[in-house]
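Novice: File query.csv follows (CSV, C-alpha atoms and all ligand atoms):
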chain,number,residue,atom,x,y,z
A,1,MET,CA,17.3,-11.4,-10.7
A,2,PRO,CA,17.3,-12.6,-8.0
A,3,ASN,CA,20.3,-14.8,-8.5
A,4,ARG,CA,22.1,-13.6,-5.4
A,5,PRO,CA,21.4,-15.9,-2.5
A,6,TYR,CA,19.5,-14.3,0.4
A,7,VAL,CA,17.8,-15.1,3.6
A,8,ILE,CA,14.8,-13.4,5.1
A,9,ASP,CA,14.9,-12.1,8.7
A,10,GLU,CA,11.5,-11.5,10.3
A,11,LEU,CA,10.8,-7.8,10.9
A,12,ILE,CA,7.1,-7.7,11.8
A,13,SER,CA,5.2,-10.8,12.9
A,14,ALA,CA,1.9,-12.0,11.5
A,15,LYS,CA,0.4,-11.5,15.0
A,16,ALA,CA,1.7,-7.8,15.2
A,17,ILE,CA,0.2,-7.1,11.7
A,18,ALA,CA,-3.2,-8.6,12.7
A,19,ALA,CA,-3.2,-6.5,16.0
A,20,ARG,CA,-2.3,-3.3,14.1
A,21,ILE,CA,-5.0,-4.0,11.4
A,22,GLU,CA,-7.6,-4.3,14.2
A,23,GLU,CA,-6.6,-0.9,15.6
A,24,LEU,CA,-6.5,0.8,12.2
A,25,SER,CA,-9.9,-0.6,11.1
A,26,ARG,CA,-11.5,0.9,14.2
A,27,GLU,CA,-10.1,4.3,13.2
A,28,ILE,CA,-11.2,3.9,9.6
A,29,CYS,CA,-14.7,2.9,10.7
A,30,ARG,CA,-14.9,5.9,13.0
A,31,GLU,CA,-13.9,8.2,10.0
A,32,PHE,CA,-16.4,6.6,7.6
A,33,ARG,CA,-19.1,5.6,10.1
A,34,ASP,CA,-21.8,7.6,8.2
A,35,THR,CA,-20.9,6.2,4.7
A,36,ASP,CA,-23.5,4.5,2.5
A,37,LYS,CA,-20.8,2.4,0.9
A,38,LEU,CA,-17.0,2.9,1.1
A,39,VAL,CA,-15.0,2.1,-2.1
A,40,VAL,CA,-11.9,0.3,-0.9
A,41,VAL,CA,-9.3,0.6,-3.6
A,42,GLY,CA,-6.3,-1.9,-3.5
A,43,LEU,CA,-3.2,-1.0,-5.4
A,44,LEU,CA,-2.0,-4.1,-7.2
A,45,ARG,CA,-0.2,-6.2,-6.7
A,46,GLY,CA,1.5,-5.7,-3.3
A,47,SER,CA,-1.6,-4.8,-1.3
A,48,PHE,CA,-3.6,-7.9,-2.1
A,49,VAL,CA,-3.1,-9.6,1.3
A,50,PHE,CA,-3.4,-6.4,3.3
A,51,ILE,CA,-6.7,-5.4,1.6
A,52,ALA,CA,-8.1,-8.9,2.2
A,53,ASP,CA,-7.4,-8.8,6.0
A,54,LEU,CA,-8.3,-5.1,6.4
A,55,ALA,CA,-11.6,-5.5,4.5
A,56,ARG,CA,-12.7,-8.3,6.8
A,57,GLU,CA,-12.2,-6.0,9.8
A,58,LEU,CA,-14.2,-3.1,8.4
A,59,ASP,CA,-17.6,-2.8,10.0
A,60,VAL,CA,-19.1,-0.4,7.5
A,61,PRO,CA,-20.6,-1.3,4.0
A,62,ILE,CA,-17.8,-1.6,1.5
A,63,GLU,CA,-17.1,-2.5,-2.1
A,64,ILE,CA,-13.7,-3.4,-3.5
A,65,ASP,CA,-12.0,-2.1,-6.6
A,66,PHE,CA,-8.4,-2.4,-7.8
A,67,LEU,CA,-5.9,-0.1,-9.6
A,68,GLU,CA,-2.4,-1.0,-10.9
A,69,ALA,CA,0.2,1.7,-11.2
A,70,SER,CA,3.8,1.4,-12.1
A,71,SER,CA,6.6,3.8,-11.5
A,72,TYR,CA,9.7,4.1,-13.6
A,73,GLY,CA,12.8,6.0,-12.6
A,74,ASN,CA,14.3,8.4,-15.0
A,75,ALA,CA,18.0,8.8,-14.0
A,76,MET,CA,18.6,11.6,-16.5
A,77,GLU,CA,16.0,13.9,-14.9
A,78,SER,CA,16.1,12.3,-11.4
A,79,SER,CA,12.3,12.1,-11.7
A,80,ARG,CA,9.7,9.3,-11.9
A,81,GLU,CA,7.0,8.6,-14.3
A,82,VAL,CA,3.9,6.9,-12.8
A,83,ARG,CA,1.7,5.0,-15.2
A,84,ILE,CA,-1.7,3.6,-14.7
A,85,LEU,CA,-1.6,0.0,-16.0
A,86,LYS,CA,-5.1,-0.9,-14.8
A,87,ASP,CA,-7.7,1.6,-13.9
A,88,LEU,CA,-10.7,1.3,-11.5
A,89,ARG,CA,-13.8,-0.5,-12.8
A,90,GLY,CA,-16.2,1.9,-11.1
A,91,ALA,CA,-16.8,5.7,-11.0
A,92,ILE,CA,-15.9,7.4,-7.7
A,93,GLN,CA,-17.4,10.8,-8.2
A,94,GLY,CA,-19.3,11.8,-5.0
A,95,ARG,CA,-18.2,8.5,-3.3
A,96,ASP,CA,-16.2,7.7,-0.1
A,97,VAL,CA,-12.9,6.2,-1.1
A,98,LEU,CA,-10.1,4.5,0.8
A,99,VAL,CA,-6.9,3.7,-1.1
A,100,VAL,CA,-4.9,0.8,0.3
A,101,GLU,CA,-1.1,0.5,-0.5
A,102,ASP,CA,1.6,-1.8,0.7
A,103,ILE,CA,4.6,0.5,1.1
A,104,VAL,CA,5.2,4.2,0.8
A,105,ASP,CA,8.8,4.5,-0.3
A,106,THR,CA,9.7,7.5,-2.4
A,107,GLY,CA,6.0,8.5,-2.3
A,108,HIS,CA,5.7,9.0,-6.1
A,109,THR,CA,3.2,6.2,-6.6
A,110,LEU,CA,0.6,7.1,-4.0
A,111,ASN,CA,1.1,10.8,-4.6
A,112,HIS,CA,0.2,10.4,-8.2
A,113,VAL,CA,-2.7,8.0,-7.6
A,114,ILE,CA,-4.2,10.3,-5.0
A,115,ALA,CA,-3.9,13.3,-7.3
A,116,LEU,CA,-5.6,11.3,-10.1
A,117,LEU,CA,-8.4,10.0,-8.0
A,118,LYS,CA,-8.9,13.5,-6.4
A,119,SER,CA,-9.5,14.9,-10.0
A,120,ARG,CA,-12.5,12.5,-10.2
A,121,GLN,CA,-14.1,14.5,-7.4
A,122,PRO,CA,-14.8,11.8,-4.7
A,123,LYS,CA,-16.7,13.0,-1.6
A,124,ARG,CA,-14.0,11.8,0.8
A,125,LEU,CA,-10.6,10.4,-0.2
A,126,LYS,CA,-8.2,8.8,2.3
A,127,SER,CA,-5.3,6.5,2.1
A,128,ILE,CA,-3.7,3.8,4.2
A,129,ALA,CA,-0.3,2.1,3.8
A,130,LEU,CA,0.9,-0.9,5.7
A,131,LEU,CA,4.5,0.2,5.7
A,132,ASP,CA,6.2,3.6,5.5
A,133,LYS,CA,9.9,4.3,4.8
A,134,PRO,CA,10.0,8.1,5.6
A,135,SER,CA,13.8,8.3,5.1
A,136,ARG,CA,13.3,7.4,1.4
A,137,ARG,CA,10.8,10.1,0.6
A,138,GLU,CA,11.3,12.2,-2.6
A,139,VAL,CA,7.9,14.0,-2.7
A,140,ASP,CA,6.0,15.6,0.1
A,141,PHE,CA,3.4,12.9,0.7
A,142,LYS,CA,1.9,11.5,3.9
A,143,SER,CA,-0.7,8.7,4.1
A,144,ASP,CA,-3.7,9.2,6.4
A,145,TRP,CA,-3.0,5.9,8.2
A,146,ILE,CA,0.2,4.0,8.4
A,147,GLY,CA,0.6,0.5,9.9
A,148,PHE,CA,4.3,0.6,10.7
A,149,GLU,CA,7.2,2.9,10.0
A,150,ILE,CA,10.3,1.0,9.0
A,151,PRO,CA,13.9,1.8,8.3
A,152,ASP,CA,15.4,1.8,4.7
A,153,GLU,CA,15.4,-2.0,4.3
A,154,PHE,CA,14.1,-4.1,1.4
A,155,VAL,CA,11.2,-6.0,2.7
A,156,VAL,CA,9.1,-8.9,1.5
A,157,GLY,CA,6.1,-11.0,2.6
A,158,TYR,CA,2.5,-10.4,3.4
A,159,GLY,CA,1.8,-9.6,-0.3
A,160,ILE,CA,5.1,-7.8,-1.0
A,161,ASP,CA,7.7,-9.3,-3.4
A,162,TYR,CA,11.3,-9.4,-4.4
A,163,ALA,CA,11.2,-10.1,-8.1
A,164,GLN,CA,7.8,-11.7,-7.7
A,165,ARG,CA,8.9,-14.0,-5.0
A,166,ASN,CA,8.0,-14.3,-1.3
A,167,ARG,CA,4.5,-12.6,-1.5
A,168,ASN,CA,3.1,-15.6,0.3
A,169,LEU,CA,5.0,-15.3,3.6
A,170,PRO,CA,2.6,-14.6,6.4
A,171,PHE,CA,5.0,-12.0,8.0
A,172,ILE,CA,7.1,-9.0,6.9
A,173,GLY,CA,10.7,-9.9,6.6
A,174,LYS,CA,13.8,-8.0,5.4
A,175,VAL,CA,16.0,-9.4,2.7
A,176,ARG,CA,19.6,-10.1,3.7
A,177,PHE,CA,22.1,-11.1,1.0
A,178,THR,CA,24.4,-13.9,2.0
A,179,ASP,CA,27.1,-13.8,-0.7
B,201,LIG,P1,7.1,4.6,-4.3
B,201,LIG,O1,6.5,5.2,-5.5
B,201,LIG,O2,8.6,4.7,-4.3
B,201,LIG,O3,6.6,5.1,-3.0
B,201,LIG,O4,6.9,3.1,-4.5
B,201,LIG,C1,6.2,2.3,-3.7
B,201,LIG,C2,6.2,0.9,-4.4
B,201,LIG,O5,7.6,0.4,-4.5
B,201,LIG,C3,5.5,-0.1,-3.4
B,201,LIG,O6,4.2,-0.2,-3.7
B,201,LIG,C4,6.3,-1.3,-3.8
B,201,LIG,O7,5.7,-2.0,-4.9
B,201,LIG,C5,7.7,-0.9,-4.1
B,201,LIG,N1,8.6,-1.1,-3.0
B,201,LIG,C6,9.1,-0.1,-2.2
B,201,LIG,N2,9.9,-0.6,-1.3
B,201,LIG,C7,9.8,-1.9,-1.4
B,201,LIG,C8,10.4,-3.0,-0.6
B,201,LIG,O8,11.1,-2.9,0.4
B,201,LIG,N3,10.1,-4.3,-1.1
B,201,LIG,C9,9.3,-4.5,-2.1
B,201,LIG,N4,8.7,-3.5,-2.9
B,201,LIG,C10,9.0,-2.2,-2.5
Can you dump the structure from the file as structure tokens?
Specialist:
Amino acid sequence: MPNRPYVIDELISAKAIAARIEELSREICREFRDTDKLVVVGLLRGSFVFIADLARELDVPIEIDFLEASSYGNAMESSREVRILKDLRGAIQGRDVLVVEDIVDTGHTLNHVIALLKSRQPKRLKSIALLDKPSRREVDFKSDWIGFEIPDEFVVGYGIDYAQRNRNLPFIGKVRFTD
């Protein structure tokens, strides 16, 4: 994987992403305008480009932390196990926290991460995802902010990969197989 030939069709331009991030960061700053320091938590690895651009638009004091989760399907039980591969470096009890994700697909990953972080008793906990595929949802989860709703397509670029490729594209594109 991926041995099948494919091309990438642009779905969301770099310019549209930048404009949307400007809008979203204004809303986030309004929500957290009174914070002493917002902990911005990036979910590795897909959010690394998004968090870099978003963080530079945020006009409130912030610090950055990262968390890596991985979700495995279990066909037998039609369930998913979400595992934490890398936990936060810092404590978040009593803190303002914003979790930054690339895509909400089935919803299992962010749902699990939010429940875990909530158990650590932050003062305020919000989440933002650049992309949302609502038609794929398996758990009842809604991110506080969404960049773009997209149809059920496999997308790459702007940090998001297909078998670790294409993360460095400046735009979001959809994968189209050509064989
Ligand atoms: P969820 O637990 O199903 O919501 O999984 C979300 C994760 O699945 C994202 O953080 C991505 O890593 C991955 N994912 C979902 N859809 C896509 C896609 O279209 N392209 C690449 N990765 C995806």
Novice: Near Tyr72 of chain A, counting all atoms listed in the file, which residues have an atom at most 9 Å away, once you skip same-chain residues fewer than 3 positions from it, shown as a list in words?
Specialist: Ser79, Arg80, Glu81, Val82 and Arg83 of chain A
Novice: Taking C-alpha atoms for each residue, export the selection above as a compact mmCIF listing (two decimals), in the coordinates of the input.
Specialist:
# COMPACT_ATOMS: atom_id res chain seq x y z
CA SER A 79 12.30 12.10 -11.70
CA ARG A 80 9.70 9.30 -11.90
CA GLU A 81 7.00 8.60 -14.30
CA VAL A 82 3.90 6.90 -12.80
CA ARG A 83 1.70 5.00 -15.20
Novice: Mind giving me the straight-line distance from atom CA of Val100 of chain A to atom CA of Val40 of chain A in Å, one decimal?
Specialist: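 Calculated distance between atom CA of Val100 of chain A and atom CA of Val40 of chain A is 7.1 Å.
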Novice: Let me make sure I understand: among A:Arg136, A:Arg124, A:His108, A:Lys142, which one has the smallest atom-to-atom distance to ligand LIG 201 (chain B) if we use only C-alpha atoms and all ligand atoms?
Specialist: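 Between A:Arg136, A:Arg124, A:His108, A:Lys142, the residue approaching ligand LIG 201 (chain B) most closely is A:His108.
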Novice: Which residue is closest to ligand LIG 201 (chain B)? Choose from A:Leu169, A:Ile92, A:Val113, A:Ala14 and count all atoms listed in the file.
Specialist: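 Between A:Leu169, A:Ile92, A:Val113, A:Ala14, the residue approaching ligand LIG 201 (chain B) most closely is A:Val113.
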Novice: Please, which residues are within 6 Å of (15.9, -9.2, 8.2) by the file's coordinates, counting all atoms listed in the file, and could they come as a list in words?
Specialist: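 The answer, in the requested form, is Ile8, Asp9, Glu10, Leu11, Gly173, Lys174, Val175 and Arg176 of chain A.
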Novice: Please give me, as a list of chain:residue names, the residues lying within 7 Å of ligand LIG 201 (chain B) when counting all atoms listed in the file.
Specialist: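 Residues lying within 7 Å of ligand LIG 201 (chain B): A:Gly46, A:Ser71, A:Glu101, A:Asp102, A:Ile103, A:Val104, A:Asp105, A:Thr106, A:Gly107, A:His108, A:Thr109, A:Leu110, A:Glu153, A:Phe154, A:Val155, A:Val156, A:Ile160, A:Asp161, A:Tyr162.
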Novice: Using all atoms listed in the file, find the one residue out of A:Ile146, A:Ala163, A:Ala91, A:Val60 that sits nearest to Glu31 of chain A.
Specialist: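 So, comparing all the options, the nearest one is A:Val60.
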Novice: When you draw a straight line from atom CA of Leu54 of chain A to atom CA of Arg20 of chain A, how long is it in Å?
Specialist: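 Atom-to-atom, atom CA of Leu54 of chain A and atom CA of Arg20 of chain A are spaced 9.9 Å apart.
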Novice: Once you count all atoms listed in the file, which residues end up no further than 9 Å from (1.6, -4.2, -10.3) in the file's frame, shown as a ChimeraX atom specification?
Specialist: /A:43-46,67-70,85-86
Novice: Between atom CA of Val99 of chain A and atom CA of Lys126 of chain A, what is the spacing in Å?
Specialist: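 Those two atoms sit 6.3 Å apart.
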Novice: Could you pull the residues within 9 Å of Ser25 of chain A, counting all atoms listed in the file, minus those fewer than 5 positions along the same chain, as a short mmCIF file (atom, residue, chain, number, x, y, z; two decimals) with C-alpha atoms, keeping the file's coordinate frame?
Specialist:
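The resulting result-v7.cif:
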data_model
loop_
_atom_site.label_atom_id
_atom_site.label_comp_id
_atom_site.auth_asym_id
_atom_site.auth_seq_id
_atom_site.Cartn_x
_atom_site.Cartn_y
_atom_site.Cartn_z
CA ARG A 20 -2.30 -3.30 14.10
CA ARG A 30 -14.90 5.90 13.00
CA LEU A 54 -8.30 -5.10 6.40
CA ALA A 55 -11.60 -5.50 4.50
CA GLU A 57 -12.20 -6.00 9.80
CA LEU A 58 -14.20 -3.10 8.40
CA ASP A 59 -17.60 -2.80 10.00
#
Novice: If you count only C-alpha atoms, which residues fall within 12 Å of Ala16 of chain A, apart from same-chain ones fewer than 3 positions away, as a CSV table (one decimal) with C-alpha atoms, in the frame of the given file?
Specialist:
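See result_21.csv below for the written result:
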chain,number,residue,atom,x,y,z
A,10,GLU,CA,11.5,-11.5,10.3
A,11,LEU,CA,10.8,-7.8,10.9
A,12,ILE,CA,7.1,-7.7,11.8
A,13,SER,CA,5.2,-10.8,12.9
A,19,ALA,CA,-3.2,-6.5,16.0
A,20,ARG,CA,-2.3,-3.3,14.1
A,21,ILE,CA,-5.0,-4.0,11.4
A,22,GLU,CA,-7.6,-4.3,14.2
A,23,GLU,CA,-6.6,-0.9,15.6
A,130,LEU,CA,0.9,-0.9,5.7
A,147,GLY,CA,0.6,0.5,9.9
A,148,PHE,CA,4.3,0.6,10.7
A,170,PRO,CA,2.6,-14.6,6.4
A,171,PHE,CA,5.0,-12.0,8.0
A,172,ILE,CA,7.1,-9.0,6.9
Novice: Just checking: using all atoms listed in the file, which residue out of A:Val139, A:Val7, A:Val97, A:Ala129 ends up closest to Lys37 of chain A?
Specialist: A:Val97
Novice: Which residue is closest to His112 of chain A? Choose from A:Asn168, A:Pro5, A:Asp36, A:Ile84 and count only C-alpha atoms.
Specialist: A:Ile84
Novice: Which is closer to Ile114 of chain A than all the others in A:Asp132, A:Asp144, A:Asp152, A:Asp65, using all atoms listed in the file?
Specialist: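 Looking at the shortest contact to Ile114 of chain A, the residue is A:Asp144.
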Novice: I'd like the neighbourhood of Lys123 of chain A as a list in words, where a residue qualifies if any of its atoms comes within 6 Å (using only C-alpha atoms), though same-chain residues fewer than 2 positions away should be ignored.
Specialist: Gly94, Arg95 and Asp96 of chain A
